[in-house]
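Enquirer: Here it is: the structure, laid out below.
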Amino acid sequence: MRLDKLTTKSQEALQQAQGLADKRNHQAIEVEHLLFALMGQKEGVVLSLLQKLGVPLTAVTERLQKALDRLPQVTGGGNSYITPRLKKIIESAESEAEALKDEYVSTEHLLLAMVQDSGEAGAAAAKKASIRKRSLPISAITPGSWAPRR
């Protein structure tokens, strides 16, 4: 996992995910934190893409909120950490970027990794948010295929 290969927007989303986890007293930074952060980037590609595809953003946000509410809380300090689930998504996004001959991992790669994940990591977070692979055509979320890079 090479965080230096993340685009600025991807790095910001990861930082926002950590901030969200800290704010909610979650020691573990989960896929749900990252998806929530990606959707919270008002100028980001992910939010625009989901809107363009007609994903019900209010319902998705509510489901993510409920999923985050169920995560364990830790008080009294301690460092936050990326869970194995989130690490797997970031690594999958890196693989997607390499397969597409992209030098950096964009927010689109992260979303693509979430919806394509056949295991519990990304699929569970996306499913909780009602985002499914069939609702996100791969051609529509291939970085650079529909919108300028961020």
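Letters A, B, ... mark the chains of the structure tokens in the order given; residue numbers begin at 1 per chain; ligand numbers begin at 1, in order shown.
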Which residues, written as a list in words, have at least one atom at most 8 Å from Glu30 in chain A, with only C-alpha atoms counted and residues fewer than 6 positions away on the same chain left out?

Expert: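 Near Glu30 in chain A, the qualifying residues are Ile82, Thr83, Arg85 and Leu86 of chain A.
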
Enquirer: Taking the backbone alone, and naming residues the way the document does, which bits of range 8-60 of chain A are helix (DSSP H, G or I) by DSSP, as a ChimeraX atom specification?

Expert: /A:8-23,31-40,45-52,57-60

Enquirer: For the selection just defined, write its residues with N, CA, C and O atoms to a file, as a short mmCIF file (atom, residue, chain, number, x, y, z; two decimals), in the first residue's frame.

Expert:
```cif
data_model
loop_
_atom_site.label_atom_id
_atom_site.label_comp_id
_atom_site.auth_asym_id
_atom_site.auth_seq_id
_atom_site.Cartn_x
_atom_site.Cartn_y
_atom_site.Cartn_z
N THR A 8 -4.23 13.98 -4.86
CA THR A 8 -4.54 14.92 -3.78
C THR A 8 -5.93 14.67 -3.22
O THR A 8 -6.13 14.63 -2.00
N LYS A 9 -6.91 14.50 -4.11
CA LYS A 9 -8.29 14.26 -3.66
C LYS A 9 -8.40 12.95 -2.89
O LYS A 9 -9.16 12.85 -1.92
N SER A 10 -7.68 11.93 -3.31
CA SER A 10 -7.70 10.65 -2.60
C SER A 10 -7.06 10.79 -1.22
O SER A 10 -7.57 10.25 -0.23
N GLN A 11 -5.96 11.53 -1.15
CA GLN A 11 -5.31 11.77 0.14
C GLN A 11 -6.24 12.56 1.07
O GLN A 11 -6.35 12.25 2.26
N GLU A 12 -6.90 13.57 0.50
CA GLU A 12 -7.84 14.36 1.30
C GLU A 12 -8.98 13.48 1.82
O GLU A 12 -9.38 13.60 2.98
N ALA A 13 -9.48 12.59 0.98
CA ALA A 13 -10.58 11.70 1.40
C ALA A 13 -10.11 10.79 2.53
O ALA A 13 -10.85 10.57 3.50
N LEU A 14 -8.90 10.28 2.43
CA LEU A 14 -8.38 9.42 3.49
C LEU A 14 -8.21 10.21 4.79
O LEU A 14 -8.54 9.71 5.88
N GLN A 15 -7.74 11.44 4.68
CA GLN A 15 -7.61 12.30 5.87
C GLN A 15 -8.98 12.62 6.45
O GLN A 15 -9.16 12.63 7.68
N GLN A 16 -9.96 12.87 5.58
CA GLN A 16 -11.32 13.14 6.05
C GLN A 16 -11.91 11.90 6.72
O GLN A 16 -12.63 12.02 7.72
N ALA A 17 -11.61 10.74 6.19
CA ALA A 17 -12.08 9.49 6.79
C ALA A 17 -11.49 9.33 8.19
O ALA A 17 -12.19 8.95 9.14
N GLN A 18 -10.21 9.66 8.33
CA GLN A 18 -9.57 9.59 9.65
C GLN A 18 -10.20 10.61 10.59
O GLN A 18 -10.47 10.29 11.76
N GLY A 19 -10.44 11.81 10.10
CA GLY A 19 -11.08 12.83 10.93
C GLY A 19 -12.47 12.42 11.37
O GLY A 19 -12.86 12.64 12.52
N LEU A 20 -13.22 11.79 10.46
CA LEU A 20 -14.55 11.31 10.80
C LEU A 20 -14.48 10.22 11.86
O LEU A 20 -15.25 10.22 12.83
N ALA A 21 -13.53 9.32 11.70
CA ALA A 21 -13.35 8.25 12.69
C ALA A 21 -12.99 8.85 14.06
O ALA A 21 -13.56 8.47 15.09
N ASP A 22 -12.09 9.81 14.07
CA ASP A 22 -11.69 10.47 15.32
C ASP A 22 -12.88 11.17 15.97
O ASP A 22 -13.10 11.06 17.18
N LYS A 23 -13.65 11.89 15.16
CA LYS A 23 -14.80 12.64 15.67
C LYS A 23 -15.82 11.71 16.31
O LYS A 23 -16.46 12.06 17.29
N VAL A 31 -13.90 1.16 5.74
CA VAL A 31 -14.31 1.46 4.37
C VAL A 31 -15.48 2.45 4.39
O VAL A 31 -15.54 3.37 3.57
N GLU A 32 -16.39 2.30 5.34
CA GLU A 32 -17.54 3.19 5.44
C GLU A 32 -17.11 4.64 5.68
O GLU A 32 -17.72 5.56 5.14
N HIS A 33 -16.06 4.84 6.48
CA HIS A 33 -15.54 6.19 6.70
C HIS A 33 -15.06 6.79 5.38
O HIS A 33 -15.33 7.95 5.08
N LEU A 34 -14.33 5.97 4.61
CA LEU A 34 -13.79 6.47 3.35
C LEU A 34 -14.91 6.77 2.35
O LEU A 34 -14.89 7.82 1.69
N LEU A 35 -15.88 5.89 2.24
CA LEU A 35 -16.99 6.13 1.31
C LEU A 35 -17.75 7.40 1.70
O LEU A 35 -18.09 8.23 0.85
N PHE A 36 -17.98 7.58 2.99
CA PHE A 36 -18.65 8.78 3.47
C PHE A 36 -17.83 10.02 3.13
O PHE A 36 -18.37 11.04 2.68
N ALA A 37 -16.52 9.93 3.31
CA ALA A 37 -15.64 11.06 2.99
C ALA A 37 -15.64 11.35 1.49
O ALA A 37 -15.69 12.52 1.08
N LEU A 38 -15.60 10.32 0.67
CA LEU A 38 -15.63 10.52 -0.78
C LEU A 38 -16.92 11.21 -1.21
O LEU A 38 -16.92 12.10 -2.05
N MET A 39 -18.02 10.80 -0.60
CA MET A 39 -19.31 11.41 -0.94
C MET A 39 -19.41 12.83 -0.40
O MET A 39 -20.20 13.63 -0.91
N GLY A 40 -18.62 13.16 0.60
CA GLY A 40 -18.64 14.49 1.19
C GLY A 40 -17.80 15.51 0.45
O GLY A 40 -17.85 16.70 0.75
N VAL A 45 -15.13 14.08 -7.77
CA VAL A 45 -15.66 13.31 -8.88
C VAL A 45 -16.69 12.29 -8.41
O VAL A 45 -17.70 12.05 -9.08
N VAL A 46 -16.48 11.68 -7.27
CA VAL A 46 -17.37 10.61 -6.80
C VAL A 46 -18.80 11.12 -6.61
O VAL A 46 -19.75 10.51 -7.09
N LEU A 47 -18.95 12.23 -5.94
CA LEU A 47 -20.29 12.78 -5.72
C LEU A 47 -20.97 13.11 -7.05
O LEU A 47 -22.12 12.75 -7.27
N SER A 48 -20.24 13.74 -7.94
CA SER A 48 -20.80 14.06 -9.26
C SER A 48 -21.19 12.81 -10.02
O SER A 48 -22.25 12.77 -10.66
N LEU A 49 -20.36 11.81 -9.96
CA LEU A 49 -20.64 10.56 -10.66
C LEU A 49 -21.89 9.88 -10.10
O LEU A 49 -22.77 9.46 -10.85
N LEU A 50 -21.99 9.80 -8.78
CA LEU A 50 -23.16 9.17 -8.17
C LEU A 50 -24.43 9.94 -8.50
O LEU A 50 -25.47 9.34 -8.77
N GLN A 51 -24.34 11.27 -8.52
CA GLN A 51 -25.50 12.08 -8.91
C GLN A 51 -25.87 11.81 -10.36
O GLN A 51 -27.05 11.63 -10.68
N LYS A 52 -24.88 11.77 -11.23
CA LYS A 52 -25.11 11.53 -12.66
C LYS A 52 -25.78 10.18 -12.90
O LYS A 52 -26.62 10.05 -13.79
N LEU A 57 -28.70 9.77 -3.11
CA LEU A 57 -27.66 10.20 -2.18
C LEU A 57 -28.14 10.33 -0.74
O LEU A 57 -27.41 9.99 0.19
N THR A 58 -29.37 10.79 -0.55
CA THR A 58 -29.88 10.93 0.81
C THR A 58 -29.99 9.56 1.47
O THR A 58 -29.57 9.38 2.62
N ALA A 59 -30.51 8.60 0.75
CA ALA A 59 -30.65 7.24 1.29
C ALA A 59 -29.28 6.62 1.55
O ALA A 59 -29.06 5.96 2.58
N VAL A 60 -28.35 6.85 0.65
CA VAL A 60 -27.00 6.33 0.83
C VAL A 60 -26.36 6.93 2.07
O VAL A 60 -25.78 6.22 2.91
#
```

Enquirer: Set the distance at 7 Å and use only C-alpha atoms: which residues neighbour His26 in chain A once local chain neighbours fewer than 5 positions away are removed? I'd like the list as a list of chain:residue names.

Expert: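 The residues that qualify are A:Ala21, A:Pro72, A:Gln73, A:Val74.
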
Enquirer: Contacts of Glu96 in chain A at 9 Å or less, counting only C-alpha atoms, minus same-chain residues fewer than 6 places along, as a VMD selection string?

Expert: chain A and resid 102 105 109 to 110 112 to 113

Enquirer: Which neighbours of Pro84 in chain A fall inside 10 Å, counting only C-alpha atoms, when residues of the same chain fewer than 4 positions from it are skipped, and could you give them as a list in words?

Expert: Ala28, Ile29, Glu30, Val31, Lys88, Ile89, Ile90 and Ala121 of chain A
